[in-house]
file work23.pdb (PDB, C-alpha atoms)
MODEL        1
ATOM      1  CA  MET A   1     -54.095 -39.233 -34.642
ATOM      2  CA  LYS A   2     -54.158 -37.002 -37.723
ATOM      3  CA  LYS A   3     -50.520 -36.057 -37.096
ATOM      4  CA  LEU A   4     -49.496 -39.685 -36.944
ATOM      5  CA  ILE A   5     -51.378 -40.544 -40.145
ATOM      6  CA  LEU A   6     -49.838 -37.586 -42.025
ATOM      7  CA  SER A   7     -46.356 -38.451 -40.771
ATOM      8  CA  LEU A   8     -46.721 -42.082 -41.855
ATOM      9  CA  PHE A   9     -48.085 -41.005 -45.245
ATOM     10  CA  SER A  10     -45.134 -38.618 -45.740
ATOM     11  CA  MET A  11     -42.681 -41.363 -44.869
ATOM     12  CA  LEU A  12     -44.336 -43.744 -47.327
ATOM     13  CA  LEU A  13     -44.118 -41.166 -50.110
ATOM     14  CA  VAL A  14     -40.402 -40.692 -49.556
ATOM     15  CA  SER A  15     -39.715 -44.403 -49.129
ATOM     16  CA  GLY A  16     -41.751 -45.307 -52.236
ATOM     17  CA  CYS A  17     -38.933 -44.103 -54.471
ATOM     18  CA  ALA A  18     -35.884 -46.190 -55.358
ATOM     19  CA  THR A  19     -33.511 -45.699 -52.458
ATOM     20  CA  LEU A  20     -29.815 -44.884 -52.630
ATOM     21  CA  ASN A  21     -27.264 -46.778 -50.617
ATOM     22  CA  THR A  22     -26.025 -44.026 -48.260
ATOM     23  CA  GLN A  23     -23.277 -46.345 -46.951
ATOM     24  CA  TYR A  24     -21.899 -47.306 -50.365
ATOM     25  CA  GLN A  25     -18.593 -49.199 -50.007
ATOM     26  CA  GLY A  26     -17.371 -49.324 -53.633
ATOM     27  CA  ASP A  27     -13.942 -48.192 -54.821
ATOM     28  CA  ASP A  28     -15.618 -45.218 -56.503
ATOM     29  CA  SER A  29     -17.199 -43.839 -53.321
ATOM     30  CA  GLY A  30     -17.045 -40.375 -51.795
ATOM     31  CA  TYR A  31     -18.816 -38.597 -48.945
ATOM     32  CA  ALA A  32     -21.473 -35.954 -48.388
ATOM     33  CA  VAL A  33     -21.532 -33.962 -45.132
ATOM     34  CA  MET A  34     -24.221 -31.547 -43.923
ATOM     35  CA  SER A  35     -25.798 -30.546 -40.628
ATOM     36  CA  PHE A  36     -29.060 -29.381 -39.077
ATOM     37  CA  TYR A  37     -29.351 -26.809 -36.264
ATOM     38  CA  ILE A  38     -32.957 -26.435 -35.101
ATOM     39  CA  LYS A  39     -34.803 -24.680 -32.307
ATOM     40  CA  ASN A  40     -35.690 -26.627 -29.171
ATOM     41  CA  HIS A  41     -39.419 -26.973 -29.762
ATOM     42  CA  ASN A  42     -41.424 -30.154 -29.485
ATOM     43  CA  PHE A  43     -41.618 -32.682 -32.292
ATOM     44  CA  ALA A  44     -39.250 -30.765 -34.537
ATOM     45  CA  GLY A  45     -37.706 -32.448 -37.531
ATOM     46  CA  ASP A  46     -36.117 -31.620 -40.849
ATOM     47  CA  TYR A  47     -35.208 -33.576 -43.897
ATOM     48  CA  VAL A  48     -33.605 -32.945 -47.271
ATOM     49  CA  VAL A  49     -34.268 -35.310 -50.182
ATOM     50  CA  TYR A  50     -31.611 -35.695 -52.873
ATOM     51  CA  GLU A  51     -31.446 -37.824 -56.000
ATOM     52  CA  ASN A  52     -28.792 -39.188 -58.319
ATOM     53  CA  GLU A  53     -28.975 -39.116 -62.120
ATOM     54  CA  LYS A  54     -30.957 -42.402 -62.130
ATOM     55  CA  GLY A  55     -33.702 -40.925 -59.922
ATOM     56  CA  GLU A  56     -32.720 -42.987 -56.871
ATOM     57  CA  SER A  57     -33.218 -40.926 -53.722
ATOM     58  CA  GLY A  58     -31.625 -40.543 -50.333
ATOM     59  CA  ARG A  59     -32.229 -38.142 -47.521
ATOM     60  CA  PHE A  60     -30.462 -36.261 -44.799
ATOM     61  CA  TYR A  61     -32.707 -36.400 -41.775
ATOM     62  CA  TYR A  62     -32.773 -35.006 -38.265
ATOM     63  CA  ARG A  63     -35.622 -35.567 -35.836
ATOM     64  CA  LYS A  64     -35.511 -33.869 -32.424
ATOM     65  CA  ASP A  65     -38.367 -35.867 -30.974
ATOM     66  CA  ALA A  66     -41.258 -38.002 -32.173
ATOM     67  CA  ALA A  67     -43.450 -40.932 -31.308
ATOM     68  CA  TRP A  68     -41.191 -43.195 -33.423
ATOM     69  CA  GLY A  69     -37.927 -41.945 -31.899
ATOM     70  CA  ARG A  70     -35.340 -39.249 -32.178
ATOM     71  CA  SER A  71     -32.034 -38.802 -33.948
ATOM     72  CA  GLU A  72     -28.847 -38.802 -31.937
ATOM     73  CA  ARG A  73     -27.725 -35.218 -31.252
ATOM     74  CA  ASP A  74     -24.202 -34.043 -31.946
ATOM     75  CA  PHE A  75     -24.523 -30.614 -30.309
ATOM     76  CA  ASP A  76     -26.955 -28.943 -27.950
ATOM     77  CA  ASP A  77     -27.402 -25.611 -26.189
ATOM     78  CA  GLU A  78     -30.162 -23.701 -24.373
ATOM     79  CA  SER A  79     -32.186 -22.895 -27.502
ATOM     80  CA  TYR A  80     -30.959 -25.180 -30.292
ATOM     81  CA  ASN A  81     -29.777 -28.704 -31.004
ATOM     82  CA  GLY A  82     -28.448 -30.458 -34.051
ATOM     83  CA  ARG A  83     -26.765 -33.226 -35.891
ATOM     84  CA  VAL A  84     -24.130 -33.784 -38.559
ATOM     85  CA  GLU A  85     -25.105 -36.214 -41.311
ATOM     86  CA  LEU A  86     -22.423 -38.245 -43.102
ATOM     87  CA  HIS A  87     -23.347 -40.269 -46.188
ATOM     88  CA  GLN A  88     -20.966 -42.410 -48.212
ATOM     89  CA  LEU A  89     -22.192 -42.324 -51.812
ATOM     90  CA  LYS A  90     -21.172 -43.544 -55.236
ATOM     91  CA  ALA A  91     -19.252 -40.830 -57.108
ATOM     92  CA  GLY A  92     -21.527 -38.817 -59.378
ATOM     93  CA  LYS A  93     -23.895 -35.889 -59.649
ATOM     94  CA  TYR A  94     -26.770 -35.403 -57.212
ATOM     95  CA  MET A  95     -29.603 -32.895 -56.836
ATOM     96  CA  ILE A  96     -31.465 -31.712 -53.766
ATOM     97  CA  THR A  97     -35.092 -31.938 -54.831
ATOM     98  CA  LYS A  98     -37.084 -31.373 -51.645
ATOM     99  CA  TYR A  99     -36.794 -29.862 -48.206
ATOM    100  CA  GLU A 100     -39.356 -30.219 -45.429
ATOM    101  CA  GLN A 101     -39.495 -28.942 -41.863
ATOM    102  CA  ILE A 102     -41.861 -30.342 -39.236
ATOM    103  CA  GLN A 103     -42.854 -28.411 -36.106
ATOM    104  CA  GLY A 104     -45.444 -30.319 -34.106
ATOM    105  CA  ALA A 105     -48.682 -30.090 -36.099
ATOM    106  CA  ARG A 106     -47.139 -27.732 -38.674
ATOM    107  CA  THR A 107     -45.200 -28.842 -41.718
ATOM    108  CA  PHE A 108     -43.348 -26.474 -44.025
ATOM    109  CA  GLU A 109     -42.727 -27.990 -47.461
ATOM    110  CA  TYR A 110     -40.313 -26.425 -49.913
ATOM    111  CA  GLU A 111     -40.831 -28.071 -53.287
ATOM    112  CA  ASP A 112     -40.989 -25.332 -55.896
ATOM    113  CA  PHE A 113     -37.320 -24.388 -56.197
ATOM    114  CA  GLU A 114     -34.702 -25.165 -58.781
ATOM    115  CA  PRO A 115     -33.027 -28.392 -57.660
ATOM    116  CA  TYR A 116     -29.623 -27.720 -56.149
ATOM    117  CA  SER A 117     -26.842 -29.770 -57.748
ATOM    118  CA  PHE A 118     -23.780 -31.118 -55.986
ATOM    119  CA  GLU A 119     -21.105 -33.597 -56.950
ATOM    120  CA  ILE A 120     -19.559 -36.498 -55.068
ATOM    121  CA  LYS A 121     -16.015 -37.298 -56.201
ATOM    122  CA  LYS A 122     -14.147 -40.545 -55.692
ATOM    123  CA  ASN A 123     -12.160 -40.558 -52.427
ATOM    124  CA  GLU A 124     -13.233 -36.974 -51.598
ATOM    125  CA  ALA A 125     -15.916 -35.384 -49.442
ATOM    126  CA  THR A 126     -18.434 -32.658 -50.277
ATOM    127  CA  TYR A 127     -19.519 -30.288 -47.513
ATOM    128  CA  LEU A 128     -23.010 -28.838 -48.123
ATOM    129  CA  GLY A 129     -23.257 -26.583 -45.038
ATOM    130  CA  GLU A 130     -25.593 -26.321 -42.076
ATOM    131  CA  LEU A 131     -29.335 -25.653 -42.314
ATOM    132  CA  THR A 132     -30.092 -23.288 -39.427
ATOM    133  CA  GLU A 133     -33.641 -22.525 -38.336
ATOM    134  CA  TYR A 134     -34.314 -18.872 -37.556
ATOM    135  CA  ILE A 135     -35.298 -18.059 -33.994
ATOM    136  CA  ASP A 136     -38.841 -17.065 -35.005
ATOM    137  CA  GLY A 137     -39.794 -20.722 -35.514
ATOM    138  CA  ILE A 138     -41.930 -20.094 -38.597
ATOM    139  CA  GLY A 139     -40.126 -22.267 -41.074
ATOM    140  CA  ARG A 140     -37.450 -19.843 -42.246
ATOM    141  CA  LEU A 141     -33.925 -21.159 -42.531
ATOM    142  CA  LYS A 142     -30.511 -20.123 -43.720
ATOM    143  CA  VAL A 143     -27.405 -21.955 -44.870
ATOM    144  CA  VAL A 144     -24.446 -21.453 -42.528
ATOM    145  CA  ASP A 145     -20.828 -22.483 -43.040
ATOM    146  CA  LYS A 146     -19.855 -24.569 -39.986
ATOM    147  CA  PHE A 147     -17.123 -26.397 -41.875
ATOM    148  CA  GLU A 148     -14.638 -26.875 -39.001
ATOM    149  CA  ARG A 149     -17.180 -28.150 -36.474
ATOM    150  CA  ASP A 150     -19.083 -30.338 -38.938
ATOM    151  CA  THR A 151     -16.031 -31.980 -40.509
ATOM    152  CA  GLN A 152     -14.558 -32.774 -37.067
ATOM    153  CA  ILE A 153     -17.820 -34.467 -36.039
ATOM    154  CA  ALA A 154     -17.989 -36.263 -39.415
ATOM    155  CA  LYS A 155     -14.484 -37.636 -38.795
ATOM    156  CA  GLN A 156     -15.690 -39.039 -35.476
ATOM    157  CA  LYS A 157     -18.459 -40.758 -37.468
ATOM    158  CA  GLY A 158     -16.118 -42.362 -40.000
ATOM    159  CA  LEU A 159     -15.015 -39.668 -42.479
ATOM    160  CA  PRO A 160     -11.371 -40.541 -43.300
ATOM    161  CA  GLU A 161      -8.933 -38.272 -41.475
ATOM    162  CA  ASN A 162      -6.864 -37.009 -44.438
ATOM    163  CA  ILE A 163      -9.596 -36.842 -47.073
ATOM    164  CA  MET A 164      -9.904 -33.814 -49.353
ATOM    165  CA  ILE A 165     -13.110 -31.898 -48.511
ATOM    166  CA  ASN A 166     -14.773 -29.631 -51.096
ATOM    167  CA  LYS A 167     -17.246 -26.940 -50.016
ATOM    168  CA  GLN A 168     -20.408 -26.749 -52.112
ATOM    169  CA  LEU A 169     -22.697 -24.817 -49.781
ATOM    170  CA  MET A 170     -26.385 -25.287 -50.536
ATOM    171  CA  ASN A 171     -28.178 -22.497 -52.361
ATOM    172  CA  GLU A 172     -30.433 -20.482 -50.033
ATOM    173  CA  SER A 173     -32.947 -19.925 -52.839
ATOM    174  CA  MET A 174     -34.333 -23.371 -51.996
ATOM    175  CA  LEU A 175     -35.277 -22.123 -48.523
ATOM    176  CA  LYS A 176     -37.636 -19.282 -49.423
ATOM    177  CA  LEU A 177     -41.161 -19.651 -48.108
ATOM    178  CA  GLY A 178     -42.714 -17.760 -51.008
ATOM    179  CA  GLY A 179     -44.691 -20.218 -53.104
ATOM    180  CA  SER A 180     -44.022 -23.085 -50.734
ATOM    181  CA  ARG A 181     -46.830 -25.012 -49.092
ATOM    182  CA  TYR A 182     -47.516 -24.692 -45.416
ATOM    183  CA  ILE A 183     -49.710 -27.401 -43.940
ATOM    184  CA  GLN A 184     -51.254 -27.278 -40.485
ATOM    185  CA  ILE A 185     -53.161 -30.231 -39.105
ATOM    186  CA  GLN A 186     -55.907 -29.348 -36.618
TER     187      GLN A 186
ENDMDL
END
call {"tool": "encode", "arguments": {"input": "work23.pdb", "output": "structure tokens"}}
result
Amino acid sequence: MKKLILSLFSMLLVSGCATLNTQYQGDDSGYAVMSFYIKNHNFAGDYVVYENEKGESGRFYYRKDAAWGRSERDFDDESYNGRVELHQLKAGKYMITKYEQIQGARTFEYEDFEPYSFEIKKNEATYLGELTEYIDGIGRLKVVDKFERDTQIAKQKGLPENIMINKQLMNESMLKLGGSRYIQIQ
């Protein structure tokens, strides 16, 4: 029950902010592409919160399994599974301001890093990379360049075929556990 209450509270905190339209259809739109690759453990989930210059937020989200459902998987193997996220956003500057990883009753929160900036350009796509969970399952991650795989999957999800794609791989400094909060619910 405590897990459910904490999960609902976390979702309310994120949803309490002004929300970005991640399927923006204006003439000045562009795309953001990133992926998650996480270990096959129960109730695993990851999300990255980003904001525009007005403070409106959006999030890339992947949930392996949960009481309220799971995200559709784009790839799967014996130890890992994952998903490519494609967001259509208004052209402009954005910052990643929070990263959180959930593993059953454990939650790793990464909030004390310099926000990572990326730019969405009109009629172009920005590739941010893949967040890969280390095998040890203790919250450590790395940024991996899976450009070819991720952009092919993104095209199957609606990324225009001949669009220019810029790489702006996320900064790994945001993924260091030092100084980050680790919460375990008993």
call {"tool": "resolve_selection", "arguments": {"input": "work23.pdb", "expression": "the PyMOL selection byres ((chain A and resi 112-121) around 6)", "output": "list in words"}}
result
Gly30, Ala91, Gly92, Lys93, Tyr94, Met95, Ile96, Thr97, Glu111, Lys122, Glu124 and Met174 of chain A
call {"tool": "residues_around", "arguments": {"input": "work23.pdb", "residues": "Asn81 of chain A", "least_positions_apart": "5", "cutoff": "7 Å", "atoms": "only C-alpha atoms", "output": "VMD selection string"}}
result
chain A and resid 37 to 40 73 75 to 76
call {"tool": "resolve_selection", "arguments": {"input": "work23.pdb", "expression": "the PyMOL selection byres ((chain A and resi 84) around 10)", "output": "ChimeraX atom specification"}}
result
/A:33-37,60-62,72-75,82-83,85-86,129-130,149-154,157
call {"tool": "closest_residue", "arguments": {"input": "work23.pdb", "among": "A:Ser71, A:Gln88, A:Thr132, A:Ser79", "to": "Asn21 of chain A", "atoms": "only C-alpha atoms"}}
result
A:Gln88
call {"tool": "residues_near_point", "arguments": {"input": "work23.pdb", "point": "(-17.2, -45.5, -41.9)", "cutoff": "12 Å", "atoms": "only C-alpha atoms", "output": "list of chain:residue names"}}
result
A:Thr22, A:Gln23, A:Tyr24, A:Gln25, A:Ser29, A:Gly30, A:Tyr31, A:Leu86, A:His87, A:Gln88, A:Leu89, A:Ala154, A:Lys155, A:Gln156, A:Lys157, A:Gly158, A:Leu159, A:Pro160, A:Glu161
call {"tool": "closest_residue", "arguments": {"input": "work23.pdb", "among": "A:Tyr99, A:Phe108, A:Tyr50, A:Tyr80", "to": "Ala18 of chain A", "atoms": "all atoms listed in the file"}}
result
A:Tyr50
call {"tool": "residues_around", "arguments": {"input": "work23.pdb", "residues": "segment 57-59 of chain A", "least_positions_apart": "4", "cutoff": "6 Å", "atoms": "only C-alpha atoms", "output": "list in words"}}
result
Thr19, Leu20, Val48, Val49, Tyr50 and Glu51 of chain A
call {"tool": "atom_distance", "arguments": {"input": "work23.pdb", "atom1": "atom CA of Gly26 of chain A", "atom2": "atom CA of Glu56 of chain A"}}
result
16.9 Å
